[in-house]
Amino acid sequence: MSTTTTEARASVRRRFPEGFYWGVATSAYQIEGAWDEDGKGVSIWDTFAHTPGNISDDDSGDVANDHYHRYAEDVALMKSTGINAYRFSISWPRIFPEGTGEPNRKGLDFYSRLVDALLEAGIEPFATLYHWDLPQALQDRFGGWQSADTAKAFGEYAGYLAEQLGDRIKHIFTLNEFRSFTDYGHQGMEADVGGGQTYRVLLAPALVLSDAELNQVRHHAVLAHGLATEAIRAKGGSDIKVGFAENMQVAVPVMDTPEHVRAAETWTREDNAPFVTVMLEGRYTDGYLENAGSDAPKFTDDELKIIGSPLDFVGINVYRPTCYVEPTDEQAGYRTVPISASHPKMKSGWHIYDPEAMYWAPRHVQSLWGAKSIFITENGCAADDSVAHDGRVYDSDRVMFLRGCLGQLQRATSEGVPVDGYFHWSAQDNLEWNAGFGNRFGLIYVDFETLERTPKLSAEWFRQAARQNAVV
Ligand code: PNW
């Protein structure tokens, strides 16, 4: 091949904007272990996991990746993967064992040590304050998210953290995946996986509430986000940036024409009405309230104002398109088309594959809500990884997935969609909720007998992409 061709290719290399964050993400319950150490309180996930039959092979987060003790090694591994940002979550019951009241200094010290190690390694800390591990005490006292008291307690916890760690943590995500912990935790949820088949998920606290009760739970979750945003602004420095991290449901238009795109945007705004839409617009859509009828949530105008507090960025977890949409002449203006039975899938039961979701999700966020800063807070896939005879882990499917998704993300940024960073789920294999340790999502392989860590082929891909700030 001639040098000119090589240079021409290099000059069109698909680059990301200057200063783009290349990150990985994890959550406390999925990797920390040390479930009852140093004064930590019990969370609803401890309770759920300790009940036989809830998690595959009765796995639990009791030890998990033992990250609580091995965080220094894990930070060094991240650094060697070329990462410049890390999204981790803080365990509420480590900080407030009873949910409210006296803080637990030892719990706070762990995150303080972690943040120091990250900054020392040149990795920017992005903290999520809630990744589903509610203090069991709040579930017992108030019925958890069924009560506005839990939202108030969350606001106080958020303010305390901003006060204590806000000198070093400058990016905060309030709650992770509202829809997952409200809907999947309080009613169960069915994902469309093609051919008319669905995949059912029920997460802790594994309640099956009525629609009216569920709508109230959803309302308390977004209220918690609003109260936390206000508390962080009041108690932390003015240089702290705040947003949420939601698995926004995303409609991909069948084709890129103005009519199809409008249909996909309309579907996306309506389907996310109880979460992203109300947080960014400060009101529930007419469609949502009419549809819910007498099951609609009870709320005040003051609460809506709090829920719609201005944010610094929008975080979205993007794994798959929720559906494909085409326009119709009917009143709604859109219709979903069935997903084919042979649609390509990744390993997880719910995971249909289409990297276009990574283009359309941030594009919809920009066009629907005029967002000025967007983060992809999660994206990744599970795979059947194993260590080969030569000691390496050849996760060719994850490399395909990464290249496909980041290619579509670069397409979005090159068109001016303001995406400031990407966090791969996950830094290392971990406890995949009900699916247990068998569903491996990491760039780094973990042997759950010895807890030895081995970077996979995808980690090599990621290091190169981060180094060049481009799709490689
Ligand atoms: C996220 N879906 O959950 C969570 O934030 C992580 O904790 C989790 O480990 C990761 O994704 C992988 O599953 C999801 O049905 C739950 O499309 C449901 C879906 C996607 C992600």
# chains A, B, ... in the order shown; residues from 1 in each chain; ligands from 1
call {"tool": "residues_near_ligand", "arguments": {"ligand": "ligand 1", "cutoff": "8 Å", "atoms": "only C-alpha atoms and all ligand atoms", "output": "MDAnalysis selection string"}}
result
chainID A and resid 26:27 30 131 176:177 180 191 201 247 317:320 322 348 350:351 378:382 425:426 430:433 441
call {"tool": "write_last_selection", "arguments": {"atoms": "N, CA, C and O atoms", "output": "short mmCIF file (atom, residue, chain, number, x, y, z; two decimals), in the first residue's frame"}}
result
data_model
loop_
_atom_site.label_atom_id
_atom_site.label_comp_id
_atom_site.auth_asym_id
_atom_site.auth_seq_id
_atom_site.Cartn_x
_atom_site.Cartn_y
_atom_site.Cartn_z
N THR A 26 -18.48 1.32 37.00
CA THR A 26 -18.81 0.18 37.87
C THR A 26 -19.88 0.66 38.85
O THR A 26 -20.24 1.84 38.86
N SER A 27 -20.37 -0.26 39.70
CA SER A 27 -21.22 0.18 40.80
C SER A 27 -20.78 -0.53 42.08
O SER A 27 -20.20 -1.62 42.03
N GLN A 30 -21.85 -4.18 42.90
CA GLN A 30 -21.37 -5.16 41.93
C GLN A 30 -19.88 -5.50 42.07
O GLN A 30 -19.45 -6.53 41.59
N HIS A 131 -26.79 3.60 43.05
CA HIS A 131 -26.87 2.56 42.02
C HIS A 131 -27.57 1.35 42.67
O HIS A 131 -27.01 0.27 42.80
N ASN A 176 -28.76 6.28 39.29
CA ASN A 176 -28.54 5.49 38.09
C ASN A 176 -29.80 4.72 37.69
O ASN A 176 -30.40 4.02 38.52
N GLU A 177 -30.19 4.84 36.45
CA GLU A 177 -31.27 4.05 35.85
C GLU A 177 -32.54 4.02 36.69
O GLU A 177 -32.89 3.02 37.30
N SER A 180 -34.94 1.25 35.83
CA SER A 180 -34.58 -0.08 36.30
C SER A 180 -34.98 -0.30 37.76
O SER A 180 -35.62 -1.29 38.09
N ALA A 191 -38.68 -6.99 28.52
CA ALA A 191 -38.00 -6.37 27.37
C ALA A 191 -38.33 -7.16 26.11
O ALA A 191 -38.36 -8.39 26.13
N VAL A 201 -37.41 -9.26 33.85
CA VAL A 201 -36.43 -8.93 34.89
C VAL A 201 -37.18 -8.41 36.13
O VAL A 201 -38.08 -7.59 36.02
N ASN A 247 -31.15 5.01 31.85
CA ASN A 247 -31.21 4.13 30.67
C ASN A 247 -32.41 4.57 29.84
O ASN A 247 -33.42 3.90 29.74
N ASN A 317 -27.37 5.81 29.65
CA ASN A 317 -26.83 4.46 29.48
C ASN A 317 -27.44 3.90 28.20
O ASN A 317 -28.66 3.85 28.07
N VAL A 318 -26.61 3.52 27.26
CA VAL A 318 -27.12 3.08 25.95
C VAL A 318 -26.59 1.69 25.62
O VAL A 318 -25.37 1.51 25.43
N TYR A 319 -27.48 0.72 25.57
CA TYR A 319 -27.08 -0.65 25.25
C TYR A 319 -27.70 -1.17 23.96
O TYR A 319 -27.12 -1.96 23.25
N ARG A 320 -28.93 -0.73 23.69
CA ARG A 320 -29.69 -1.25 22.55
C ARG A 320 -30.79 -0.27 22.18
O ARG A 320 -31.16 0.58 22.99
N THR A 322 -34.59 0.52 22.00
CA THR A 322 -35.75 -0.09 22.64
C THR A 322 -36.66 -0.65 21.55
O THR A 322 -37.23 -1.72 21.69
N SER A 348 -26.45 -11.27 26.80
CA SER A 348 -27.53 -11.08 27.78
C SER A 348 -28.89 -11.32 27.13
O SER A 348 -29.10 -10.91 25.97
N TRP A 350 -31.63 -9.88 27.24
CA TRP A 350 -32.38 -8.70 26.77
C TRP A 350 -31.66 -7.94 25.67
O TRP A 350 -32.16 -6.96 25.14
N HIS A 351 -30.45 -8.41 25.30
CA HIS A 351 -29.57 -7.53 24.54
C HIS A 351 -29.61 -7.73 23.03
O HIS A 351 -28.79 -8.46 22.46
N GLU A 378 -23.01 4.59 30.35
CA GLU A 378 -22.77 3.15 30.25
C GLU A 378 -23.04 2.69 28.83
O GLU A 378 -23.93 3.22 28.16
N ASN A 379 -22.24 1.69 28.41
CA ASN A 379 -22.45 0.98 27.15
C ASN A 379 -21.52 -0.21 27.23
O ASN A 379 -20.38 -0.07 27.68
N GLY A 380 -21.99 -1.37 26.83
CA GLY A 380 -21.12 -2.55 26.89
C GLY A 380 -21.93 -3.79 26.61
O GLY A 380 -23.12 -3.70 26.29
N CYS A 381 -21.31 -4.94 26.71
CA CYS A 381 -22.03 -6.19 26.46
C CYS A 381 -21.40 -7.32 27.26
O CYS A 381 -20.22 -7.29 27.58
N ALA A 382 -22.21 -8.33 27.56
CA ALA A 382 -21.68 -9.53 28.21
C ALA A 382 -21.16 -10.46 27.13
O ALA A 382 -21.61 -10.40 25.98
N TRP A 425 -19.19 0.08 30.22
CA TRP A 425 -19.62 -0.85 31.25
C TRP A 425 -19.12 -2.22 30.84
O TRP A 425 -19.62 -2.76 29.88
N SER A 426 -18.08 -2.75 31.52
CA SER A 426 -17.65 -2.27 32.81
C SER A 426 -16.13 -2.33 32.89
O SER A 426 -15.49 -2.93 32.03
N ASN A 430 -18.04 -8.47 36.81
CA ASN A 430 -18.58 -8.27 38.17
C ASN A 430 -19.92 -8.96 38.32
O ASN A 430 -20.33 -9.71 37.42
N LEU A 431 -20.59 -8.73 39.44
CA LEU A 431 -21.87 -9.38 39.72
C LEU A 431 -22.97 -8.74 38.88
O LEU A 431 -23.39 -7.62 39.16
N GLU A 432 -23.43 -9.45 37.85
CA GLU A 432 -24.44 -8.90 36.96
C GLU A 432 -25.85 -9.15 37.53
O GLU A 432 -26.63 -9.90 36.98
N TRP A 433 -26.11 -8.53 38.71
CA TRP A 433 -27.43 -8.62 39.34
C TRP A 433 -27.98 -10.05 39.33
O TRP A 433 -27.25 -10.96 39.69
N PHE A 441 -19.05 -8.62 31.83
CA PHE A 441 -19.16 -7.36 31.08
C PHE A 441 -17.84 -6.58 31.03
O PHE A 441 -17.79 -5.49 30.49
#
call {"tool": "residues_around", "arguments": {"residues": "Ile444 of chain A", "least_positions_apart": "6", "cutoff": "9 Å", "atoms": "only C-alpha atoms", "output": "NGL selection string"}}
result
:A and (77 or 393 or 426-429 or 453-459)
call {"tool": "write_last_selection", "arguments": {"atoms": "N, CA and C atoms", "output": "short mmCIF file (atom, residue, chain, number, x, y, z; two decimals), in the first residue's frame"}}
result
data_model
loop_
_atom_site.label_atom_id
_atom_site.label_comp_id
_atom_site.auth_asym_id
_atom_site.auth_seq_id
_atom_site.Cartn_x
_atom_site.Cartn_y
_atom_site.Cartn_z
N LEU A 77 -4.66 -0.68 37.29
CA LEU A 77 -5.10 -1.38 36.06
C LEU A 77 -5.82 -0.42 35.12
N VAL A 393 -7.24 -13.17 26.74
CA VAL A 393 -8.70 -13.34 26.66
C VAL A 393 -9.15 -12.71 25.35
N SER A 426 -18.08 -2.75 31.52
CA SER A 426 -17.65 -2.27 32.81
C SER A 426 -16.13 -2.33 32.89
N ALA A 427 -15.57 -1.72 33.94
CA ALA A 427 -14.12 -1.76 34.13
C ALA A 427 -13.65 -3.21 34.19
N GLN A 428 -14.35 -4.03 34.95
CA GLN A 428 -13.98 -5.44 35.07
C GLN A 428 -15.23 -6.29 35.25
N ASP A 429 -15.11 -7.60 34.98
CA ASP A 429 -16.24 -8.51 35.18
C ASP A 429 -16.74 -8.33 36.62
N ARG A 453 -6.96 -10.65 38.07
CA ARG A 453 -7.47 -9.81 36.98
C ARG A 453 -6.59 -9.96 35.74
N THR A 454 -7.21 -10.12 34.55
CA THR A 454 -6.47 -10.23 33.28
C THR A 454 -7.12 -9.33 32.23
N PRO A 455 -6.41 -8.31 31.74
CA PRO A 455 -6.99 -7.46 30.70
C PRO A 455 -7.31 -8.28 29.44
N LYS A 456 -8.47 -8.00 28.83
CA LYS A 456 -8.90 -8.72 27.63
C LYS A 456 -8.41 -7.99 26.38
N LEU A 457 -8.64 -8.63 25.22
CA LEU A 457 -8.32 -8.00 23.95
C LEU A 457 -9.02 -6.63 23.84
N SER A 458 -10.26 -6.56 24.33
CA SER A 458 -11.02 -5.30 24.26
C SER A 458 -10.34 -4.19 25.06
N ALA A 459 -9.60 -4.55 26.12
CA ALA A 459 -8.87 -3.53 26.89
C ALA A 459 -7.75 -2.95 26.04
#
call {"tool": "residues_around", "arguments": {"residues": "Asp62 of chain A", "least_positions_apart": "6", "cutoff": "7 Å", "atoms": "only C-alpha atoms", "output": "VMD selection string"}}
result
chain A and resid 33 to 35
call {"tool": "write_last_selection", "arguments": {"atoms": "N, CA and C atoms", "output": "PDB file, in the first residue's frame"}}
result
ATOM      1  N   GLY A  33     -17.710  -5.815  47.480  1.00  0.00           N
ATOM      2  CA  GLY A  33     -17.616  -6.828  48.537  1.00  0.00           C
ATOM      3  C   GLY A  33     -17.668  -6.122  49.883  1.00  0.00           C
ATOM      4  N   ALA A  34     -17.001  -6.728  50.902  1.00  0.00           N
ATOM      5  CA  ALA A  34     -16.957  -6.115  52.246  1.00  0.00           C
ATOM      6  C   ALA A  34     -18.355  -5.666  52.668  1.00  0.00           C
ATOM      7  N   TRP A  35     -19.325  -6.539  52.492  1.00  0.00           N
ATOM      8  CA  TRP A  35     -20.729  -6.136  52.626  1.00  0.00           C
ATOM      9  C   TRP A  35     -21.106  -5.731  54.041  1.00  0.00           C
TER      10      TRP A  35
END
call {"tool": "closest_residue", "arguments": {"among": "A:Arg13, A:Lys170, A:Arg398, A:Lys152", "to": "Leu138 of chain A", "atoms": "only C-alpha atoms"}}
result
A:Lys152
call {"tool": "atom_distance", "arguments": {"atom1": "atom CA of Pro93 of chain A", "atom2": "atom CA of Asp116 of chain A"}}
result
21.4 Å
call {"tool": "closest_residue", "arguments": {"among": "A:Pro321, A:Gly282, A:Gly315, A:Pro103", "to": "Phe423 of chain A", "atoms": "only C-alpha atoms"}}
result
A:Gly315
call {"tool": "atom_distance", "arguments": {"atom1": "atom CA of Gly122 of chain A", "atom2": "atom CA of Gly237 of chain A"}}
result
21.2 Å
call {"tool": "closest_residue", "arguments": {"among": "A:Val365, A:Ile316, A:Ala435, A:Leu280", "to": "Thr268 of chain A", "atoms": "only C-alpha atoms"}}
result
A:Val365
call {"tool": "atom_distance", "arguments": {"atom1": "atom CA of Ala151 of chain A", "atom2": "atom CA of Asp295 of chain A"}}
result
20.4 Å
call {"tool": "residues_around", "arguments": {"residues": "Phe437 of chain A", "least_positions_apart": "4", "cutoff": "12 Å", "atoms": "only C-alpha atoms", "output": "PyMOL selection string"}}
result
chain A and resi 30-31+55-61+63-65+382-385+428-433+441-442+445-449+451
call {"tool": "residues_around", "arguments": {"residues": "Val278 of chain A", "least_positions_apart": "4", "cutoff": "9 Å", "atoms": "only C-alpha atoms", "output": "PyMOL selection string"}}
result
chain A and resi 222+272-274+282-285+304+307-308
call {"tool": "write_last_selection", "arguments": {"atoms": "N, CA, C and O atoms", "output": "short mmCIF file (atom, residue, chain, number, x, y, z; two decimals), in the first residue's frame"}}
result
data_model
loop_
_atom_site.label_atom_id
_atom_site.label_comp_id
_atom_site.auth_asym_id
_atom_site.auth_seq_id
_atom_site.Cartn_x
_atom_site.Cartn_y
_atom_site.Cartn_z
N VAL A 222 -37.67 10.59 40.94
CA VAL A 222 -37.24 11.84 40.28
C VAL A 222 -37.23 13.01 41.27
O VAL A 222 -36.41 13.93 41.15
N ASN A 272 -40.27 8.21 27.75
CA ASN A 272 -39.44 8.60 28.89
C ASN A 272 -40.11 9.64 29.78
O ASN A 272 -39.45 10.24 30.64
N ALA A 273 -41.42 9.83 29.57
CA ALA A 273 -42.16 10.88 30.29
C ALA A 273 -41.94 10.86 31.81
O ALA A 273 -41.72 11.91 32.42
N PRO A 274 -41.99 9.68 32.48
CA PRO A 274 -41.86 9.71 33.95
C PRO A 274 -40.42 9.90 34.45
O PRO A 274 -40.21 10.01 35.65
N GLY A 282 -39.48 19.60 33.51
CA GLY A 282 -40.14 20.09 34.72
C GLY A 282 -41.65 19.90 34.69
O GLY A 282 -42.39 20.54 35.44
N ARG A 283 -42.13 19.02 33.80
CA ARG A 283 -43.57 18.68 33.80
C ARG A 283 -43.78 17.30 33.21
O ARG A 283 -42.95 16.83 32.42
N TYR A 284 -44.85 16.66 33.63
CA TYR A 284 -45.23 15.39 33.02
C TYR A 284 -45.95 15.70 31.71
O TYR A 284 -46.70 16.68 31.64
N THR A 285 -45.74 14.87 30.69
CA THR A 285 -46.42 15.14 29.42
C THR A 285 -47.93 14.88 29.58
O THR A 285 -48.35 14.07 30.42
N LEU A 304 -42.57 19.68 41.10
CA LEU A 304 -42.16 19.69 39.68
C LEU A 304 -41.00 20.66 39.47
O LEU A 304 -40.09 20.39 38.70
N ILE A 307 -37.92 18.90 40.69
CA ILE A 307 -37.55 17.81 39.77
C ILE A 307 -36.89 18.38 38.52
O ILE A 307 -35.98 17.77 37.96
N GLY A 308 -37.33 19.55 38.09
CA GLY A 308 -36.80 20.15 36.88
C GLY A 308 -35.62 21.10 37.12
O GLY A 308 -35.27 21.88 36.23
#
call {"tool": "closest_residue", "arguments": {"among": "A:Tyr29, A:Tyr324, A:Trp45, A:Tyr359", "to": "Gly194 of chain A", "atoms": "only C-alpha atoms"}}
result
A:Tyr324
call {"tool": "closest_residue", "arguments": {"among": "A:Asp109, A:Val193, A:Met358, A:Phe462", "to": "Ser342 of chain A", "atoms": "only C-alpha atoms"}}
result
A:Val193
call {"tool": "select_by_dssp", "arguments": {"residues": "segment 243-433 of chain A", "states": "helix (DSSP H, G or I)", "output": "VMD selection string"}}
result
chain A and resid 258 to 271 273 to 281 286 to 295 301 to 307 357 to 369 396 to 414 433
call {"tool": "select_by_dssp", "arguments": {"residues": "segment 339-414 of chain A", "states": "strand (DSSP E or B)", "output": "PyMOL selection string"}}
result
chain A and resi 345+352+374-378+383
call {"tool": "residues_around", "arguments": {"residues": "Val242 of chain A", "least_positions_apart": "5", "cutoff": "9 Å", "atoms": "only C-alpha atoms", "output": "count of residues only"}}
result
12
call {"tool": "residues_around", "arguments": {"residues": "segment 409-422 of chain A", "least_positions_apart": "4", "cutoff": "7 Å", "atoms": "only C-alpha atoms", "output": "list in words"}}
result
Arg14, Arg15, Phe16, Phe20, Tyr21, Trp22, Gly23, Met358, Tyr359, Pro362, Arg363, Gln366, Lys372, Ser373, Ile374, Phe375, Ile376, Thr377 and Cys405 of chain A
call {"tool": "closest_residue", "arguments": {"among": "A:Thr128, A:Ser91, A:Gly236, A:Ala212", "to": "Leu289 of chain A", "atoms": "only C-alpha atoms"}}
result
A:Ala212
